[in-house]
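Quick look at start.cif (mmCIF, C-alpha atoms and all ligand atoms):
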```
data_start
#
loop_
_atom_site.label_atom_id
_atom_site.label_comp_id
_atom_site.auth_asym_id
_atom_site.auth_seq_id
_atom_site.Cartn_x
_atom_site.Cartn_y
_atom_site.Cartn_z
CA MET A 781 20.91 264.58 146.05
CA ARG A 782 24.32 263.67 144.71
CA LEU A 783 25.03 260.22 143.26
CA GLY A 784 28.57 259.08 142.50
CA ILE A 785 29.09 256.91 139.44
CA ILE A 786 31.84 254.44 140.30
CA GLY A 787 33.38 251.31 138.85
CA LEU A 788 36.58 249.91 137.40
CA PRO A 789 38.27 251.67 134.47
CA ASN A 790 36.53 250.92 131.16
CA SER A 791 33.36 249.60 132.77
CA GLY A 792 31.42 252.34 130.98
CA LYS A 793 31.04 254.96 133.74
CA THR A 794 31.40 257.94 131.44
CA THR A 795 29.21 256.28 128.82
CA ILE A 796 26.46 255.80 131.43
CA PHE A 797 27.04 259.31 132.78
CA ASN A 798 26.40 260.60 129.26
CA ALA A 799 23.27 258.45 129.00
CA LEU A 800 21.94 259.79 132.30
CA THR A 801 22.77 263.44 131.75
CA GLY A 802 22.57 263.90 127.98
CA GLN A 803 26.13 265.20 128.02
CA ASN A 804 28.71 264.13 125.52
CA LEU A 805 31.90 263.64 127.52
CA GLN A 806 34.73 261.81 125.85
CA THR A 807 34.75 258.10 126.65
CA THR A 808 37.99 256.25 126.34
CA ALA A 809 39.15 252.77 125.48
CA SER A 810 42.40 253.24 127.38
CA SER A 811 42.35 252.91 131.15
CA SER A 812 44.26 255.80 132.67
CA GLY A 813 43.16 255.19 136.27
CA GLN A 814 43.57 258.88 137.14
CA PHE A 815 41.31 260.55 139.69
CA GLU A 816 38.90 262.81 137.85
CA VAL A 817 35.34 263.97 138.52
CA HIS A 818 32.73 265.34 136.13
CA THR A 819 29.36 266.43 137.40
CA ALA A 820 26.02 267.31 135.84
CA VAL A 821 22.67 268.24 137.32
CA VAL A 822 19.59 266.65 135.79
CA ASN A 823 15.89 267.32 136.27
CA VAL A 824 13.80 264.56 137.78
CA PRO A 825 11.05 263.83 135.24
CA ASP A 826 7.64 264.19 136.92
CA ALA A 827 4.34 263.94 135.06
CA ARG A 828 2.51 265.29 138.12
CA LEU A 829 4.49 268.52 137.99
CA ASP A 830 3.82 268.72 134.25
CA ALA A 831 0.08 268.56 134.97
CA LEU A 832 0.36 271.24 137.66
CA ILE A 833 2.24 273.48 135.25
CA LYS A 834 -0.64 273.19 132.77
CA LEU A 835 -3.05 274.22 135.49
CA TYR A 836 -1.13 277.27 136.77
CA ASN A 837 0.83 278.37 133.72
CA PRO A 838 3.51 279.75 136.06
CA LYS A 839 6.30 282.19 135.23
CA LYS A 840 8.90 279.82 136.64
CA ILE A 841 9.17 276.05 136.68
CA ALA A 842 11.55 273.98 138.76
CA TYR A 843 11.85 270.21 138.74
CA ALA A 844 13.56 268.37 141.57
CA THR A 845 17.16 267.67 140.58
CA ILE A 846 19.79 264.99 140.96
CA THR A 847 23.51 265.60 140.59
CA PHE A 848 25.51 262.84 138.96
CA ALA A 849 29.27 262.73 139.51
CA ASP A 850 31.36 260.56 137.18
CA ILE A 851 34.22 259.54 139.46
CA ALA A 852 37.23 258.04 137.70
CA GLY A 853 40.26 256.52 139.39
CA LEU A 854 38.98 253.67 141.56
CA ASP A 855 40.90 250.47 141.26
CA LYS A 856 42.27 247.56 143.25
CA GLY A 857 44.63 248.54 146.07
CA ILE A 858 43.43 252.12 146.38
CA SER A 859 42.24 251.71 150.00
CA GLU A 860 45.52 250.48 151.40
CA GLY A 861 45.83 252.50 154.64
CA GLY A 862 42.48 254.18 153.91
CA LEU A 863 41.43 256.28 150.94
CA LYS A 864 43.16 259.62 150.67
CA GLY A 865 42.73 263.18 149.56
CA GLN A 866 40.25 264.16 146.91
CA MET A 867 39.09 260.61 146.23
CA ARG A 868 38.16 260.19 149.87
CA ASN A 869 36.34 263.55 149.95
CA GLU A 870 34.45 262.85 146.78
CA LEU A 871 33.33 259.36 147.76
CA SER A 872 32.43 260.20 151.33
CA GLN A 873 30.33 263.19 150.29
CA VAL A 874 27.95 261.51 147.85
CA ASP A 875 24.54 260.35 149.08
CA GLY A 876 24.72 257.09 147.18
CA PHE A 877 26.55 255.19 144.46
CA VAL A 878 25.73 254.10 140.95
CA HIS A 879 28.17 251.22 140.63
CA VAL A 880 28.82 250.35 136.98
CA VAL A 881 30.06 246.83 136.31
CA ARG A 882 31.06 245.63 132.91
CA ALA A 883 29.31 242.69 131.27
CA PHE A 884 29.80 243.81 127.67
CA LYS A 885 32.34 242.02 125.50
CA ASP A 886 34.40 244.10 123.12
CA ASP A 887 37.95 243.20 122.13
CA THR A 888 38.70 246.82 121.25
CA VAL A 889 38.08 247.85 124.88
CA PRO A 890 40.72 246.38 127.20
CA HIS A 891 39.54 245.12 130.60
CA PRO A 892 42.01 245.96 133.41
CA TYR A 893 41.73 242.35 134.64
CA GLU A 894 41.44 240.86 131.19
CA THR A 895 38.38 238.63 131.51
CA ILE A 896 34.75 239.73 131.66
CA ASN A 897 33.48 238.89 135.13
CA PRO A 898 30.93 241.33 136.56
CA GLN A 899 30.64 239.60 139.95
CA ARG A 900 34.42 239.72 140.50
CA ASP A 901 34.59 243.39 139.46
CA LEU A 902 31.76 244.40 141.77
CA GLU A 903 33.36 242.60 144.71
CA MET A 904 36.76 244.07 143.93
CA ILE A 905 35.57 247.63 144.53
CA GLU A 906 33.33 246.61 147.40
CA ALA A 907 36.43 245.03 149.02
CA GLU A 908 38.21 248.38 148.73
CA PHE A 909 35.27 250.12 150.39
CA LEU A 910 35.18 247.51 153.18
CA LEU A 911 38.88 248.01 153.75
CA ASN A 912 38.52 251.79 153.78
CA ASP A 913 35.72 251.60 156.35
CA MET A 914 37.74 249.14 158.43
CA VAL A 915 40.67 251.57 158.52
CA THR A 916 38.31 254.37 159.60
CA VAL A 917 36.84 252.21 162.38
CA GLU A 918 40.28 251.10 163.59
CA LYS A 919 41.56 254.67 163.65
CA ARG A 920 38.64 255.72 165.80
CA LEU A 921 39.14 252.77 168.17
CA GLN A 922 42.81 253.66 168.45
CA LYS A 923 41.95 257.28 169.16
CA ILE A 924 39.55 256.28 171.92
CA ALA A 925 42.11 253.90 173.45
CA ASP A 926 44.77 256.63 173.37
CA ASP A 927 42.44 259.13 174.95
CA ILE A 928 41.57 256.77 177.80
CA ARG A 929 45.25 255.92 178.30
CA ILE A 930 46.28 259.59 178.46
CA LYS A 931 43.36 261.12 180.31
CA GLY A 932 42.61 258.21 182.59
CA LYS A 933 40.06 255.51 183.18
CA LYS A 934 37.38 258.02 184.12
CA LEU A 935 36.77 258.46 180.38
CA GLU A 936 35.82 254.81 180.01
CA ALA A 937 32.22 255.32 181.02
CA GLN A 938 31.89 258.30 178.71
CA TYR A 939 33.15 256.27 175.75
CA ALA A 940 31.34 253.03 176.64
CA ASP A 941 28.51 253.27 174.07
CA GLU A 942 30.71 254.46 171.25
CA LEU A 943 33.32 251.83 172.01
CA ALA A 944 30.73 249.07 171.95
CA LEU A 945 29.33 250.36 168.65
CA PHE A 946 32.72 250.61 166.96
CA GLU A 947 33.80 247.19 168.23
CA ALA A 948 30.61 245.70 166.80
CA MET A 949 31.14 247.49 163.49
CA LYS A 950 34.70 246.18 163.39
CA ALA A 951 33.51 242.59 163.89
CA HIS A 952 30.90 243.12 161.18
CA LEU A 953 33.46 244.49 158.71
CA ASP A 954 35.90 241.71 159.66
CA ALA A 955 33.27 239.27 158.42
CA GLU A 956 33.36 241.22 155.11
CA LYS A 957 29.84 242.48 155.51
CA PRO A 958 28.95 246.03 154.39
CA LEU A 959 27.70 248.45 157.04
CA ARG A 960 24.47 248.68 155.00
CA ASP A 961 23.53 245.37 156.67
CA PHE A 962 24.56 246.39 160.18
CA GLY A 963 21.18 247.76 161.22
CA LEU A 964 22.18 251.09 162.74
CA THR A 965 19.47 253.06 164.50
CA PRO A 966 18.61 256.46 162.98
CA ASP A 967 20.39 258.15 165.91
CA GLN A 968 23.52 256.07 165.47
CA GLU A 969 23.44 256.78 161.79
CA LYS A 970 23.26 260.49 162.48
CA SER A 971 26.18 260.33 164.89
CA LEU A 972 28.29 258.49 162.30
CA ARG A 973 27.53 260.81 159.40
CA GLY A 974 30.84 262.65 159.68
CA TYR A 975 32.82 259.46 159.03
CA GLY A 976 31.46 259.08 155.50
CA PHE A 977 31.39 255.27 155.66
CA LEU A 978 31.30 253.97 152.10
CA THR A 979 29.69 250.56 152.71
CA LEU A 980 26.83 252.32 154.46
CA LYS A 981 25.77 254.27 151.40
CA PRO A 982 22.91 253.05 149.22
CA MET A 983 24.13 251.50 145.99
CA LEU A 984 22.47 251.00 142.65
CA ILE A 985 24.42 248.37 140.74
CA VAL A 986 24.25 249.04 137.00
CA VAL A 987 25.35 246.10 134.89
CA ASN A 988 26.57 247.47 131.57
CA LEU A 989 25.22 244.79 129.25
CA GLY A 990 26.46 246.16 125.94
CA ASP A 991 24.59 244.70 122.98
CA GLU A 992 23.27 241.68 124.82
CA ALA A 993 20.05 242.47 126.66
CA GLN A 994 19.96 239.93 129.49
CA ASP A 995 18.79 239.49 133.04
CA PRO A 996 21.30 241.17 135.42
CA GLU A 997 20.19 238.82 138.21
CA LYS A 998 21.89 236.02 136.29
CA LEU A 999 25.20 237.88 136.35
CA ILE A 1000 25.27 239.37 139.84
CA THR A 1001 24.42 238.07 143.30
CA PHE A 1002 24.60 240.78 145.92
CA PRO A 1003 22.04 240.17 148.65
CA HIS A 1004 22.55 243.26 150.79
CA LYS A 1005 20.36 246.01 152.19
CA ARG A 1006 20.16 249.40 150.50
CA THR A 1007 21.15 247.81 147.22
CA LYS A 1008 19.37 247.55 143.89
CA LEU A 1009 20.35 245.96 140.62
CA VAL A 1010 19.56 247.02 137.07
CA GLY A 1011 20.92 246.16 133.63
CA LEU A 1012 21.52 248.83 130.98
CA GLN A 1013 22.95 248.81 127.50
CA GLY A 1014 25.43 251.59 128.05
CA LYS A 1015 26.50 252.54 124.57
CA LEU A 1016 23.00 252.29 123.14
CA GLU A 1017 21.59 254.41 125.97
CA ALA A 1018 24.27 257.05 125.48
CA GLU A 1019 23.34 257.24 121.79
CA LEU A 1020 19.66 257.50 122.68
CA ALA A 1021 20.34 260.43 124.99
CA GLN A 1022 21.82 262.34 122.06
CA PHE A 1023 18.59 262.41 120.01
CA ASP A 1024 16.83 265.75 120.19
CA ASN A 1025 13.88 264.59 118.13
CA ASP A 1026 11.38 262.63 120.26
CA GLU A 1027 9.95 260.71 117.29
CA ASP A 1028 13.35 259.48 116.15
CA ARG A 1029 14.15 258.45 119.69
CA ALA A 1030 10.85 256.58 120.06
CA MET A 1031 11.53 254.70 116.82
CA PHE A 1032 15.04 253.80 117.91
CA MET A 1033 13.75 252.63 121.30
CA GLN A 1034 11.12 250.45 119.66
CA GLU A 1035 13.68 248.96 117.31
CA TYR A 1036 15.89 247.93 120.24
CA GLY A 1037 13.05 246.95 122.56
CA ILE A 1038 13.78 249.63 125.16
CA SER A 1039 10.63 250.67 127.01
CA GLU A 1040 11.99 253.26 129.42
CA LEU A 1041 14.96 255.63 129.04
CA SER A 1042 17.82 254.78 131.37
CA ALA A 1043 17.76 258.26 132.89
CA SER A 1044 14.18 257.95 134.15
CA LYS A 1045 14.71 254.32 135.16
CA VAL A 1046 17.84 255.08 137.18
CA ILE A 1047 16.23 258.12 138.81
CA ARG A 1048 13.13 256.10 139.72
CA LEU A 1049 15.28 253.35 141.26
CA ALA A 1050 17.44 255.93 143.04
CA TYR A 1051 14.33 257.46 144.64
CA GLU A 1052 13.27 254.02 145.91
CA LEU A 1053 16.77 253.22 147.07
CA MET A 1054 17.28 256.53 148.87
CA GLU A 1055 13.76 256.36 150.31
CA ILE A 1056 12.83 259.80 149.08
CA GLN A 1057 9.66 261.20 147.53
CA SER A 1058 8.37 264.47 146.09
CA PHE A 1059 6.09 267.23 147.24
CA PHE A 1060 5.09 270.35 145.35
CA THR A 1061 4.68 274.06 145.79
CA VAL A 1062 2.40 275.78 143.29
CA GLY A 1063 1.35 279.25 142.23
CA HIS A 1064 1.22 281.55 139.24
CA ASP A 1065 4.78 282.67 140.01
CA GLU A 1066 6.33 279.24 140.33
CA CYS A 1067 5.46 275.55 140.28
CA ARG A 1068 8.11 273.41 141.81
CA ALA A 1069 8.88 269.83 142.86
CA TRP A 1070 11.02 269.14 145.92
CA SER A 1071 12.46 265.89 147.14
CA ILE A 1072 12.27 264.84 150.77
CA ALA A 1073 12.83 261.75 152.89
CA ILE A 1074 9.84 259.42 153.19
CA GLY A 1075 8.40 259.96 156.66
CA ALA A 1076 9.49 263.60 156.91
CA THR A 1077 7.21 266.02 158.70
CA ALA A 1078 5.70 269.33 157.53
CA PRO A 1079 8.37 271.47 159.27
CA GLU A 1080 11.08 269.34 157.64
CA ALA A 1081 9.44 269.92 154.27
CA ALA A 1082 9.42 273.63 155.08
CA GLY A 1083 13.15 273.39 155.81
CA VAL A 1084 13.82 271.92 152.37
CA ILE A 1085 12.33 275.08 150.87
CA HIS A 1086 14.11 277.48 153.23
CA SER A 1087 15.52 277.23 156.75
CA ASP A 1088 13.48 280.31 157.80
CA LEU A 1089 10.28 278.48 156.90
CA GLN A 1090 11.22 275.65 159.24
CA LYS A 1091 12.29 277.98 162.06
CA GLY A 1092 9.13 280.06 161.85
CA PHE A 1093 6.79 277.21 160.92
CA ILE A 1094 3.19 277.77 162.02
CA ARG A 1095 1.06 275.50 159.83
CA ALA A 1096 1.04 273.84 156.45
CA GLU A 1097 -1.84 274.20 154.01
CA VAL A 1098 -2.04 270.85 152.25
CA MET A 1099 -3.84 269.50 149.18
CA TYR A 1100 -3.16 266.24 147.41
CA PHE A 1101 -2.12 266.80 143.79
CA GLN A 1102 -4.67 264.34 142.40
CA ASP A 1103 -7.47 266.08 144.33
CA LEU A 1104 -6.43 269.37 142.77
CA LEU A 1105 -6.33 267.88 139.28
CA ASP A 1106 -9.74 266.24 139.79
CA ALA A 1107 -11.33 269.37 141.20
CA GLY A 1108 -9.69 271.76 138.74
CA SER A 1109 -8.95 274.63 141.12
CA GLU A 1110 -7.89 275.35 144.70
CA ALA A 1111 -11.35 276.79 145.42
CA ALA A 1112 -13.00 273.58 144.21
CA VAL A 1113 -10.67 271.50 146.40
CA LYS A 1114 -11.73 273.59 149.41
CA GLN A 1115 -15.39 273.17 148.52
CA ALA A 1116 -14.92 269.43 148.29
CA GLY A 1117 -13.48 269.50 151.83
CA LYS A 1118 -10.14 268.15 150.68
CA PHE A 1119 -8.00 271.05 151.75
CA SER A 1120 -6.43 270.84 155.19
CA LEU A 1121 -4.39 272.82 157.67
CA GLN A 1122 -1.71 270.67 159.26
CA GLY A 1123 0.54 271.11 162.28
CA LYS A 1124 4.13 270.22 163.02
CA ASP A 1125 3.52 266.48 163.40
CA TYR A 1126 2.00 266.06 159.95
CA VAL A 1127 3.86 263.47 157.86
CA VAL A 1128 4.12 264.66 154.25
CA ARG A 1129 2.78 262.30 151.56
CA ASP A 1130 4.27 261.72 148.14
CA GLY A 1131 2.38 264.14 145.87
CA ASP A 1132 1.28 266.63 148.52
CA ILE A 1133 0.98 270.27 147.48
CA VAL A 1134 2.15 272.33 150.41
CA HIS A 1135 1.96 275.98 151.35
CA ILE A 1136 3.80 276.89 154.53
CA ARG A 1137 2.49 279.53 156.90
CA PHE A 1138 5.38 280.91 158.86
CA ASN A 1139 6.50 283.77 160.99
CA VAL A 1140 10.09 285.01 161.38
N1 LIG B 1 30.77 247.61 122.92
C1 LIG B 1 30.47 248.42 123.93
N2 LIG B 1 31.39 249.30 124.32
C2 LIG B 1 31.08 250.12 125.36
C3 LIG B 1 29.83 250.07 126.01
N3 LIG B 1 29.83 251.00 127.01
C4 LIG B 1 31.04 251.58 126.96
N4 LIG B 1 31.79 251.07 125.96
C5 LIG B 1 33.14 251.47 125.53
O1 LIG B 1 34.05 251.16 126.56
C6 LIG B 1 35.08 252.14 126.59
C7 LIG B 1 35.16 252.66 128.01
O2 LIG B 1 33.97 253.35 128.30
P1 LIG B 1 33.96 254.58 129.32
O3 LIG B 1 32.55 255.03 129.45
O4 LIG B 1 34.97 255.58 128.94
O5 LIG B 1 34.43 253.79 130.63
P2 LIG B 1 34.95 254.39 132.03
O6 LIG B 1 36.44 254.25 132.02
O7 LIG B 1 34.34 253.51 133.05
O8 LIG B 1 34.47 255.80 132.12
C8 LIG B 1 34.71 253.20 125.57
O9 LIG B 1 35.44 252.94 124.40
C9 LIG B 1 33.24 252.97 125.34
O10 LIG B 1 32.83 253.34 124.04
C10 LIG B 1 28.86 249.13 125.54
O11 LIG B 1 27.71 249.07 126.03
N5 LIG B 1 29.24 248.33 124.51
MG MG B 2 35.49 257.61 132.28
#
```
Represent the structure contained in this file as structure tokens.
Ligand SMILES: Nc1nc2c(ncn2[C@@H]2O[C@H](COP(=O)(O)OP(=O)(O)O)[C@@H](O)[C@H]2O)c(=O)[nH]1
Ligand SMILES: [Mg+2]
Amino acid sequence: MRLGIIGLPNSGKTTIFNALTGQNLQTTASSSGQFEVHTAVVNVPDARLDALIKLYNPKKIAYATITFADIAGLDKGISEGGLKGQMRNELSQVDGFVHVVRAFKDDTVPHPYETINPQRDLEMIEAEFLLNDMVTVEKRLQKIADDIRIKGKKLEAQYADELALFEAMKAHLDAEKPLRDFGLTPDQEKSLRGYGFLTLKPMLIVVNLGDEAQDPEKLITFPHKRTKLVGLQGKLEAELAQFDNDEDRAMFMQEYGISELSASKVIRLAYELMEIQSFFTVGHDECRAWSIAIGATAPEAAGVIHSDLQKGFIRAEVMYFQDLLDAGSEAAVKQAGKFSLQGKDYVVRDGDIVHIRFNV
């Protein structure tokens, strides 16, 4: 999963990127507004995998991962005529956004629009995304109209469904509503994937609170689907991520009243937002966590591991991780009757331990 960190210049994107990834990229008090992307891959903390590792003592360990991309260069006016080039590619390819909005006051850090106003800043970028999606929809409508004009009315029937969908999306965007709220069916969503609509992507709004711990709900109103809101103290969190001694970090956290590190909080919220969950594969060679869409079936889980496993899927051997921990061994799970063989319709649960039987 790839999450793009976006926001106005000087909102604290790079600071939050550092907090989430433990990196130490240069932050800057001058707003350059240049397109630039930095990425880092982080492990998804998982106490269940830690427990499984203790049980198997495997040669290899692999946590599920999330890629964070710090995307600089968004600002007002950028979507005029539709986003272009690398910025467009980068934004349309992420699975979701971490949208950083500035609430911290600091006279040494200039704000591109002078005053501190998180709601305005959030809406400013959202307006750019709405405009970009509108341009994309209009281009498609134009293309369909041209096609019908050139190749004749017989194409009208063929295009009828798509035309109706795009007209409805246009009306929706005209009303300044993000496509997140449109209520696309899963099939429609699949058919639209190639367009990379930005207002369709899940968005975690991170209010960068600075020194003032306060309720982000008081600063931001954004009642839309596929959206979550969280407040973080950017600079403080970035400093916390630099500790390599756990005790020092714990003391620091206590001092500032921080109960959960921003990295694990953001990852937890991202999992909820993206509607994904984890399953495990275990053994003395490797214990590993994988992420998968909630509601995915056993063959789809197999496909996350390797496409051959999905193609040649026969059955999945399934145990629930807590049953394994309670019983102490695979043999004991079997004795307790809690081991099962599942077919292609089985819906994987969060925390399942899966072994795929396959044939290629
Ligand atoms: N006082 C204060 N300054 C911050 C905070 N977060 C970021 N900054 C500062 O704001 C400036 C811009 O931050 P940066 O992360 O580079 O913003 P970006 O342009 O969105 O990547 C830097 O000087 C940061 O040190 C914060 O929580 N409090
Ligand atoms: Mg930056």
### Task
Find the residues around His1064 in chain A up to 9 Å (all atoms listed in the file counted), leave out those fewer than 4 positions away in its own chain, and share them as a ChimeraX atom specification.
/A:836-840
Within 9 Å of ligand MG 2 (chain B) (only C-alpha atoms and all ligand atoms), residues as a PDB file with C-alpha atoms, in the frame of the given file:
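Dumped everything to result_8.pdb:
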```pdb
ATOM      1  CA  PRO A 789      38.270 251.670 134.470  1.00  0.00           C
ATOM      2  CA  ASN A 790      36.530 250.920 131.160  1.00  0.00           C
ATOM      3  CA  SER A 791      33.360 249.600 132.770  1.00  0.00           C
ATOM      4  CA  GLY A 792      31.420 252.340 130.980  1.00  0.00           C
ATOM      5  CA  LYS A 793      31.040 254.960 133.740  1.00  0.00           C
ATOM      6  CA  THR A 794      31.400 257.940 131.440  1.00  0.00           C
ATOM      7  CA  THR A 795      29.210 256.280 128.820  1.00  0.00           C
ATOM      8  CA  PHE A 797      27.040 259.310 132.780  1.00  0.00           C
ATOM      9  CA  LEU A 805      31.900 263.640 127.520  1.00  0.00           C
ATOM     10  CA  GLN A 806      34.730 261.810 125.850  1.00  0.00           C
ATOM     11  CA  THR A 807      34.750 258.100 126.650  1.00  0.00           C
ATOM     12  CA  THR A 808      37.990 256.250 126.340  1.00  0.00           C
ATOM     13  CA  SER A 811      42.350 252.910 131.150  1.00  0.00           C
ATOM     14  CA  SER A 812      44.260 255.800 132.670  1.00  0.00           C
ATOM     15  CA  GLY A 813      43.160 255.190 136.270  1.00  0.00           C
ATOM     16  CA  GLU A 816      38.900 262.810 137.850  1.00  0.00           C
ATOM     17  CA  VAL A 817      35.340 263.970 138.520  1.00  0.00           C
ATOM     18  CA  ASP A 850      31.360 260.560 137.180  1.00  0.00           C
ATOM     19  CA  ILE A 851      34.220 259.540 139.460  1.00  0.00           C
ATOM     20  CA  ALA A 852      37.230 258.040 137.700  1.00  0.00           C
ATOM     21  CA  GLY A 853      40.260 256.520 139.390  1.00  0.00           C
TER      22      GLY A 853
END
```
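Our summary of the geometry notes that CA of Leu989 in chain A is positioned 5.0 Å from CA of Ala883 in chain A.
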### Message
Around (35.3, 257.3, 174.8), as given in the file, which residues come within 12 Å? Count all atoms listed in the file and list them as a list in words.
### Response
Arg920, Leu921, Gln922, Lys923, Ile924, Ala925, Asp926, Asp927, Ile928, Arg929, Ile930, Lys931, Gly932, Lys933, Lys934, Leu935, Glu936, Ala937, Gln938, Tyr939, Ala940, Asp941, Glu942, Leu943, Ala944, Leu945 and Phe946 of chain A
For the residues in the current selection, export C-alpha atoms as a PDB file, keeping the file's coordinate frame.
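Output below, filename again.pdb:
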```pdb
ATOM      1  CA  ARG A 920      38.640 255.720 165.800  1.00  0.00           C
ATOM      2  CA  LEU A 921      39.140 252.770 168.170  1.00  0.00           C
ATOM      3  CA  GLN A 922      42.810 253.660 168.450  1.00  0.00           C
ATOM      4  CA  LYS A 923      41.950 257.280 169.160  1.00  0.00           C
ATOM      5  CA  ILE A 924      39.550 256.280 171.920  1.00  0.00           C
ATOM      6  CA  ALA A 925      42.110 253.900 173.450  1.00  0.00           C
ATOM      7  CA  ASP A 926      44.770 256.630 173.370  1.00  0.00           C
ATOM      8  CA  ASP A 927      42.440 259.130 174.950  1.00  0.00           C
ATOM      9  CA  ILE A 928      41.570 256.770 177.800  1.00  0.00           C
ATOM     10  CA  ARG A 929      45.250 255.920 178.300  1.00  0.00           C
ATOM     11  CA  ILE A 930      46.280 259.590 178.460  1.00  0.00           C
ATOM     12  CA  LYS A 931      43.360 261.120 180.310  1.00  0.00           C
ATOM     13  CA  GLY A 932      42.610 258.210 182.590  1.00  0.00           C
ATOM     14  CA  LYS A 933      40.060 255.510 183.180  1.00  0.00           C
ATOM     15  CA  LYS A 934      37.380 258.020 184.120  1.00  0.00           C
ATOM     16  CA  LEU A 935      36.770 258.460 180.380  1.00  0.00           C
ATOM     17  CA  GLU A 936      35.820 254.810 180.010  1.00  0.00           C
ATOM     18  CA  ALA A 937      32.220 255.320 181.020  1.00  0.00           C
ATOM     19  CA  GLN A 938      31.890 258.300 178.710  1.00  0.00           C
ATOM     20  CA  TYR A 939      33.150 256.270 175.750  1.00  0.00           C
ATOM     21  CA  ALA A 940      31.340 253.030 176.640  1.00  0.00           C
ATOM     22  CA  ASP A 941      28.510 253.270 174.070  1.00  0.00           C
ATOM     23  CA  GLU A 942      30.710 254.460 171.250  1.00  0.00           C
ATOM     24  CA  LEU A 943      33.320 251.830 172.010  1.00  0.00           C
ATOM     25  CA  ALA A 944      30.730 249.070 171.950  1.00  0.00           C
ATOM     26  CA  LEU A 945      29.330 250.360 168.650  1.00  0.00           C
ATOM     27  CA  PHE A 946      32.720 250.610 166.960  1.00  0.00           C
TER      28      PHE A 946
END
```
### Straight-line distance linking CA of Arg782 in chain A with CA of Asp1026 in chain A, stated in Å to one decimal
27.7 Å
### Query
Can you tell me how far CA of Glu894 in chain A sits from CA of Asn804 in chain A, in Å to one decimal?
27.1 Å
Atoms are missing here; could range 901-905 of chain A be completed with all heavy atoms and written as a PDB file, keeping the file's coordinate frame?
```
ATOM      1  N   ASP A 901      34.320 241.951 139.512  1.00  0.00           N
ATOM      2  CA  ASP A 901      34.590 243.390 139.460  1.00  0.00           C
ATOM      3  C   ASP A 901      33.835 244.147 140.551  1.00  0.00           C
ATOM      4  O   ASP A 901      34.380 245.034 141.207  1.00  0.00           O
ATOM      5  CB  ASP A 901      34.190 243.959 138.088  1.00  0.00           C
ATOM      6  CG  ASP A 901      35.067 243.415 136.965  1.00  0.00           C
ATOM      7  OD1 ASP A 901      35.997 242.626 137.269  1.00  0.00           O
ATOM      8  OD2 ASP A 901      34.823 243.781 135.796  1.00  0.00           O
ATOM      9  N   LEU A 902      32.579 243.763 140.736  1.00  0.00           N
ATOM     10  CA  LEU A 902      31.760 244.400 141.770  1.00  0.00           C
ATOM     11  C   LEU A 902      32.403 244.179 143.144  1.00  0.00           C
ATOM     12  O   LEU A 902      32.568 245.107 143.939  1.00  0.00           O
ATOM     13  CB  LEU A 902      30.351 243.789 141.751  1.00  0.00           C
ATOM     14  CG  LEU A 902      29.403 244.192 142.879  1.00  0.00           C
ATOM     15  CD1 LEU A 902      29.027 245.658 142.756  1.00  0.00           C
ATOM     16  CD2 LEU A 902      28.136 243.342 142.851  1.00  0.00           C
ATOM     17  N   GLU A 903      32.788 242.936 143.400  1.00  0.00           N
ATOM     18  CA  GLU A 903      33.360 242.600 144.710  1.00  0.00           C
ATOM     19  C   GLU A 903      34.729 243.246 144.923  1.00  0.00           C
ATOM     20  O   GLU A 903      35.119 243.545 146.052  1.00  0.00           O
ATOM     21  CB  GLU A 903      33.450 241.072 144.867  1.00  0.00           C
ATOM     22  CG  GLU A 903      32.078 240.470 145.154  1.00  0.00           C
ATOM     23  CD  GLU A 903      32.061 238.949 145.097  1.00  0.00           C
ATOM     24  OE1 GLU A 903      33.140 238.345 144.945  1.00  0.00           O
ATOM     25  OE2 GLU A 903      30.954 238.374 145.200  1.00  0.00           O
ATOM     26  N   MET A 904      35.431 243.464 143.831  1.00  0.00           N
ATOM     27  CA  MET A 904      36.760 244.070 143.930  1.00  0.00           C
ATOM     28  C   MET A 904      36.668 245.487 144.509  1.00  0.00           C
ATOM     29  O   MET A 904      37.415 245.851 145.418  1.00  0.00           O
ATOM     30  CB  MET A 904      37.372 244.120 142.522  1.00  0.00           C
ATOM     31  CG  MET A 904      38.867 244.220 142.508  1.00  0.00           C
ATOM     32  SD  MET A 904      39.451 244.260 140.806  1.00  0.00           S
ATOM     33  CE  MET A 904      39.719 242.545 140.482  1.00  0.00           C
ATOM     34  N   ILE A 905      35.720 246.256 144.022  1.00  0.00           N
ATOM     35  CA  ILE A 905      35.570 247.630 144.530  1.00  0.00           C
ATOM     36  C   ILE A 905      34.917 247.629 145.906  1.00  0.00           C
ATOM     37  O   ILE A 905      35.292 248.393 146.792  1.00  0.00           O
ATOM     38  CB  ILE A 905      34.790 248.497 143.522  1.00  0.00           C
ATOM     39  CG1 ILE A 905      35.665 248.635 142.279  1.00  0.00           C
ATOM     40  CG2 ILE A 905      34.415 249.846 144.143  1.00  0.00           C
ATOM     41  CD1 ILE A 905      35.606 249.897 141.542  1.00  0.00           C
TER      42      ILE A 905
END
```
